[in-house]
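Please read the structure below before turning to the comments.
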2 protein chains.
Amino acid sequence: MITKGPIRIEADYLIETAVDPMQAAEIMASEQSSGTFRPVPAETPELKLRAAARIEQLEALEPVLTPTLPGAMQPKDQQIWHRAFVTLSWPLDNIGPSLPNLITTIAGNLFELQPLSGIRLLDLRLPTAFAERYAGPKFGIQGTRAFAGVPERPLIGTIIKPSVGLSAEATGALVADLCAGGIDFIKDDELQADGPACPFEDRVKSTMRAVNAAADKTGKKAMVAFNLTGEIDEMRRRHDLVRDCGGTCVMVNLTGVGMSGMIDIGRHTELPIHAHRAGWGALTRDPLLGWSYPAWSKLWRLAGADHMHVNGFDNKFTESNESVAASVASLKDPLFGNSPMCAVPVFSSGQTVRQAAATLNAAGSPDVLVTAGGGIIAHPDGVTEGVKAMRQAYDAAMQGVDVEVYAKEYHELTAALATF
Amino acid sequence: MITKGPIRIEADYLIETAVDPMQAAEIMASEQSSGTFRPVPAETPELKLRAAARIEQLEALEPVLTPTLPGAMQPKDQQIWHRAFVTLSWPLDNIGPSLPNLITTIAGNLFELQPLSGIRLLDLRLPTAFAERYAGPKFGIQGTRAFAGVPERPLIGTIIKPSVGLSAEATGALVADLCAGGIDFIKDDELQADGPACPFEDRVKSTMRAVNAAADKTGKKAMVAFNLTGEIDEMRRRHDLVRDCGGTCVMVNLTGVGMSGMIDIGRHTELPIHAHRAGWGALTRDPLLGWSYPAWSKLWRLAGADHMHVNGFDNKFTESNESVAASVASLKDPLFGNSPMCAVPVFSSGQTVRQAAATLNAAGSPDVLVTAGGGIIAHPDGVTEGVKAMRQAYDAAMQGVDVEVYAKEYHELTAALATF
């Protein structure tokens with residue numbers, strides 16, 4: 001039996017509003033459950049008791065002098081916009097434990113409510129019925145380590161680069177070089193799919209020939225996450241092909257596929273799912289709008305994401321290191337008491353030998369997957385040296401040795417530090 | 001043969017940036033195709049020619065003095081942030097005609113690029129290969145009119161209210177009243193799903209008993225959009241149940257289900273799909289982030305959305321009437337020359353007898369579906385009078401008669417005008 005879920009569905013929000021925050025919270029609760037803009041006859045006290053969302057907590061924050069988002073109600077007198085943390089709750093019986101319908105309940109029309117000049121979903125907690133319906137990651141860190149043959153240290157990975165444009169054969173050749181360098185993990189770029197320029201089937205076959213040949217020779221089989229993003233039947237077929245060719249991982253672009261598709265491949269898969277978050281920026285980049293990563297990633301963990309992208313330290317994107325660290329921490333936050341459904345944090349974006357110490361420090365453990373695309377493939381001495389340098393950098397971090405000091409013993413790392 | 005698509009995938013963006021806009025556009029094109037943050041050996045001129053995204057157009061706009069989104073690069077000297085319209089294009093062969101992968105290509109990591117303090121996808125144009133793969137709406141306005149038995153005038157609809165909390169039996173009783181009033185269309189609220197408090201199967205059976213009984217009596221069969229949002233197999237089963245009970249429409253929450261799920265039910269369906277946009281606000285409410293409705297809705301039209309929600313005039317949300325009008329117009333914008341894939345605009349949110357003239361004026365035709373929840377169900381004289389009043393208001397608008405003048409002949413409309 002799964003323990004330690006709340007009775008009701010609970011969601012935390014940051015709101016900004018020109019009206020009294022309690023009034024704004026009441027409108028949110030009403031709009032997202034039994035209310036509408038006019039009282040209707042059947043909305044009885046009994047019905048409300050049964051079906052209405054409730055305000056569980058409200059904490060006022062410092063107000064601001066200008067509204068963040070346009071279109072909202074203006075203040076009546078003082079030009080002040082209140083901010084507050086609000087927790088709402090819903091009876092599970094409104095929707096049952098259904099992830100697609102949960103999205104509509106906790107993150108539906110409320111983003112457009114007139115009283116709100118800011119509205120962001122920060123976190124959520126779910127009744128255990130969700131854990132009974134959704135299995136969460138089938139493999140997680142243990143399954144990933146078992147497939148990759150890396151029992152303890154951080155998994156060092158790379159991204160096929162150029163992202164697009166290589167033929168299936170050229171991809172296989174690059175993978176052979178990466179395997180020769182002792183890489184643990186390789187992923188398709190999220191832009192690489194099943195186009196005529198590099199068909200999925202050809203790419204899998206060419207890649208797995210290289211991976212299997214290296215494994216036969218060295219005993220080490222790199223895990224390759226093939227991007228099977230597509231339609232439902234395509235994703236199932238592609239998964240089966242990867243499995244039949246001896247592959248050990250598949251990749252899904254969460255935003256492109258969506259929740260119902262992810263649930264389907266999550267149930268179908270016999271391999272770890274590497275979950276990519278491309279497109280996530282649209283949901284999160286305005287700090288007073290959309291979703292925070294802890295709330296968003298919990299849904300995908302429930303649906304079966306084994307590996308979740310968290311961006312990376314000193315990344316090439318706009319996210320701060322603090323935000324990345326918070327995302328990493330949130331993946332360890334147990335979804336349920338004895339069913340934590342933790343996902344492996346995947347570091348990417350501008351990753352090189354330079355971020356190893358910060359990455360391990362934030363993760364608080366070696367249970368991480370680090371992917372460096374250009375940071376390995378653009379190594380001046382070649383791809384195998386690029387792999388070795390990354391391994392050396394993470395070995396140094398594991399031993400608590402400064403990377404510059406450690407590099408004195410390793411020419412691959414020295415060359416990488418001179419380049420990146 | 002389908003004509004009039006571009007050779008390449010084309011997407012238009014509004015950007016804001018502290019760097020030269022052309023440089024920002026080059027970084028966008030590079031990140032979303034063959035480039036990465038470091039040159040890699042295989043990114044040859046031949047590969048770029050084959051696979052790289054191109055800048056097709058750039059139009060500078062008035063700069064601004066403060067950045068819209070946080071986290072972006074700062075200007076080197078002058079504190080000025082440039083704005084520009086940018087059109088990028090991609091070779092179709094990078095991904096082939098795949099909607100889930102198209103999302104990653106045109107709306108993936110680029111929302112997080114450091115040079116961009118604003119980035120919004122405004123519109124897109126697709127090669128005809130997409131029309132060969134995706135059928136678009138199977139029914140559209142013609143099929144909807146045929147099922148609903150409403151050949152020419154606007155379709156008048158309502159939303160079951162309270163949104164949640166009614167039992168299946170109570171829903172059936174409400175539907176009986178609505179049918180007695182001559183309603184054309186009824187939809188589940190987007191929050192109503194398949195919870196234990198109102199199971200889908202019971203609700204469909206109870207509702208269709210009322211609908212079929214009314215049809216036997218009057219010859220008029222209301223179209224009911226049952227919200228089948230859920231997992232893949234659930235959606236198929238629910239669709240089949242609706243069809244088998246004589247139902248004529250199903251509803252999908254696009255944001256909850258996602259693209260791969262929508263494609264699946266779009267291929268499976270034998271009934272028009274009523275596409276709800278709950279959650280859309282998170283993608284669009286910041287004017288310098290996310291997606292515009294024309295771009296977003298085109299993807300769902302391709303996947304098979306027959307009815308697309310566009311909010312409503314004088315709505316209870318934050319969207320302006322100008323924005324609603326632009327959304328309505330965009331649904332008529334043909335996706336391809338001889339395969340326009342137009343969707344029926346669905347007006348909702350705070351709709352009453354008061355918005356009829358503006359709605360028809362914006363639509364430029366009576367090919368619209370208007371849904372009023374509280375605006376019908378909260379009518380002071382009852383639900384059947386609420387339906388009649390809405391019909392009267394749209395009859396007035398069709399005849400070009402002022403609603404207040406028209407109301408002199410109709411007590412239901414008079415009472416509605418006094419209430420709403």
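Each chain in the structure tokens gets a letter, A, B and so on, in the order shown; residues start at 1 in every chain, and ligands are counted from 1 in the order they appear.
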
Inset, instruction - Could you give me the residues within range 102-259 of chain A that DSSP places in strand (DSSP E or B), as a list in words? - result: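 Secondary structure check on range 102-259 of chain A, strand (DSSP E or B): Leu113, Leu116, Ser117, Gly118, Ile119, Arg120, Leu121, Leu122, Asp123, Leu124, Arg125, Leu155, Ile156, Gly157, Thr158, Ile159, Phe185, Ile186, Lys187, Met223, Val224, Ala225, Phe226, Asn227, Cys249, Val250, Met251, Val252 and Asn253 of chain A.
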
Inset, instruction - Please return, as a PyMOL selection string, all residues of chain A lying within 6 Å of chain B when only C-alpha atoms are considered. - result: chain A and resi 34+38+40+43+47+51+71-72+93-96+100+103-104+107-109+111-114+162-165+193-197+230-231+256-261+278-279+281-283+290+317-318+374+378

Please, could you write that set of residues out with C-alpha atoms as a PDB file, in the first residue's frame?
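Once everything was written out, this is selection.pdb:
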```
ATOM      1  CA  SER A  34     -18.157  24.309  -9.314  1.00  0.00           C
ATOM      2  CA  ARG A  38     -23.103  33.814 -12.349  1.00  0.00           C
ATOM      3  CA  VAL A  40     -26.647  28.902 -11.117  1.00  0.00           C
ATOM      4  CA  GLU A  43     -24.846  25.160  -7.103  1.00  0.00           C
ATOM      5  CA  LEU A  47     -22.847  20.480  -4.071  1.00  0.00           C
ATOM      6  CA  ALA A  51     -17.155  19.459  -5.392  1.00  0.00           C
ATOM      7  CA  GLY A  71      -5.041  42.584 -19.330  1.00  0.00           C
ATOM      8  CA  ALA A  72      -5.820  42.201 -15.650  1.00  0.00           C
ATOM      9  CA  ASP A  93     -13.624  12.544  -6.852  1.00  0.00           C
ATOM     10  CA  ASN A  94     -14.028  15.504  -9.214  1.00  0.00           C
ATOM     11  CA  ILE A  95     -11.697  13.874 -11.762  1.00  0.00           C
ATOM     12  CA  GLY A  96     -10.302  10.683 -10.260  1.00  0.00           C
ATOM     13  CA  PRO A 100      -4.534  14.623 -18.376  1.00  0.00           C
ATOM     14  CA  ILE A 103      -3.635  19.366 -15.848  1.00  0.00           C
ATOM     15  CA  THR A 104      -6.957  21.022 -16.689  1.00  0.00           C
ATOM     16  CA  ALA A 107      -3.477  24.575 -14.688  1.00  0.00           C
ATOM     17  CA  GLY A 108      -6.471  25.337 -16.872  1.00  0.00           C
ATOM     18  CA  ASN A 109      -8.432  28.536 -17.361  1.00  0.00           C
ATOM     19  CA  PHE A 111      -4.067  31.504 -16.097  1.00  0.00           C
ATOM     20  CA  GLU A 112      -6.492  33.875 -17.817  1.00  0.00           C
ATOM     21  CA  LEU A 113      -8.535  35.138 -14.867  1.00  0.00           C
ATOM     22  CA  GLN A 114      -9.092  38.904 -14.892  1.00  0.00           C
ATOM     23  CA  PRO A 162      25.602  18.381 -35.401  1.00  0.00           C
ATOM     24  CA  SER A 163      22.037  18.080 -34.075  1.00  0.00           C
ATOM     25  CA  VAL A 164      20.661  17.432 -37.522  1.00  0.00           C
ATOM     26  CA  GLY A 165      22.253  16.860 -40.884  1.00  0.00           C
ATOM     27  CA  ALA A 193      13.626  12.598 -35.269  1.00  0.00           C
ATOM     28  CA  ASP A 194      12.616  10.430 -38.209  1.00  0.00           C
ATOM     29  CA  GLY A 195      13.107  12.678 -41.210  1.00  0.00           C
ATOM     30  CA  PRO A 196      14.072  11.394 -44.641  1.00  0.00           C
ATOM     31  CA  ALA A 197      17.575  12.822 -44.126  1.00  0.00           C
ATOM     32  CA  GLY A 230       6.093  10.937 -32.740  1.00  0.00           C
ATOM     33  CA  GLU A 231       2.613   9.545 -32.996  1.00  0.00           C
ATOM     34  CA  GLY A 256       5.928  17.698 -28.450  1.00  0.00           C
ATOM     35  CA  VAL A 257       4.234  14.464 -27.413  1.00  0.00           C
ATOM     36  CA  GLY A 258       2.083  15.667 -24.520  1.00  0.00           C
ATOM     37  CA  MET A 259       0.733  13.843 -21.498  1.00  0.00           C
ATOM     38  CA  SER A 260      -1.517  11.191 -23.020  1.00  0.00           C
ATOM     39  CA  GLY A 261       1.224  10.129 -25.409  1.00  0.00           C
ATOM     40  CA  ALA A 278      12.512  21.308 -25.195  1.00  0.00           C
ATOM     41  CA  GLY A 279       9.839  24.000 -25.324  1.00  0.00           C
ATOM     42  CA  GLY A 281      10.871  27.791 -21.631  1.00  0.00           C
ATOM     43  CA  ALA A 282       7.513  28.995 -22.957  1.00  0.00           C
ATOM     44  CA  LEU A 283       5.845  27.716 -19.788  1.00  0.00           C
ATOM     45  CA  GLY A 290       3.050  29.338 -16.061  1.00  0.00           C
ATOM     46  CA  PHE A 317      20.375  29.461 -21.712  1.00  0.00           C
ATOM     47  CA  THR A 318      18.766  32.054 -19.457  1.00  0.00           C
ATOM     48  CA  GLY A 374      29.931  20.396 -28.163  1.00  0.00           C
ATOM     49  CA  ALA A 378      34.405  19.748 -30.223  1.00  0.00           C
TER      50      ALA A 378
END
```

Inset, instruction - Write out as a ChimeraX atom specification all residues of range 235-405 of chain A that backbone DSSP assigns to alpha helix (DSSP H). - result: /A:235-244,254-257,259-268,281-284,293-303,321-332,356-363,374-377,383-399,403-405

Inset, instruction - Go through A:Asn212, A:Gln57, A:Ser330, A:Thr248 one by one, measure the shortest atom-to-atom distance of each to Thr144 in chain A using only C-alpha atoms, and give the residue with the smallest value. - result: A:Thr248

Inset, instruction - Pick out the closest residue to Ile7 in chain B from this set: B:Pro45, B:Pro75, B:Pro127, B:Pro345. Count only C-alpha atoms. - result: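 Ranked by minimum distance to Ile7 in chain B, first place goes to B:Pro127.
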
Inset, instruction - Point out the residue among A:Gln23, A:Gln399, A:Gln74, A:Gln392 with the least atom-to-atom distance to Ile183 in chain A, counting only C-alpha atoms. - result: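 Going through A:Gln23, A:Gln399, A:Gln74, A:Gln392 one by one, the smallest distance to Ile183 in chain A is for A:Gln392.
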
Legend entry - All residues 10 Å or closer to Ala358 in chain A, only C-alpha atoms, same chain fewer than 3 positions away omitted, as a ChimeraX atom specification: /A:312-314,321,325,354-355,361-364,397
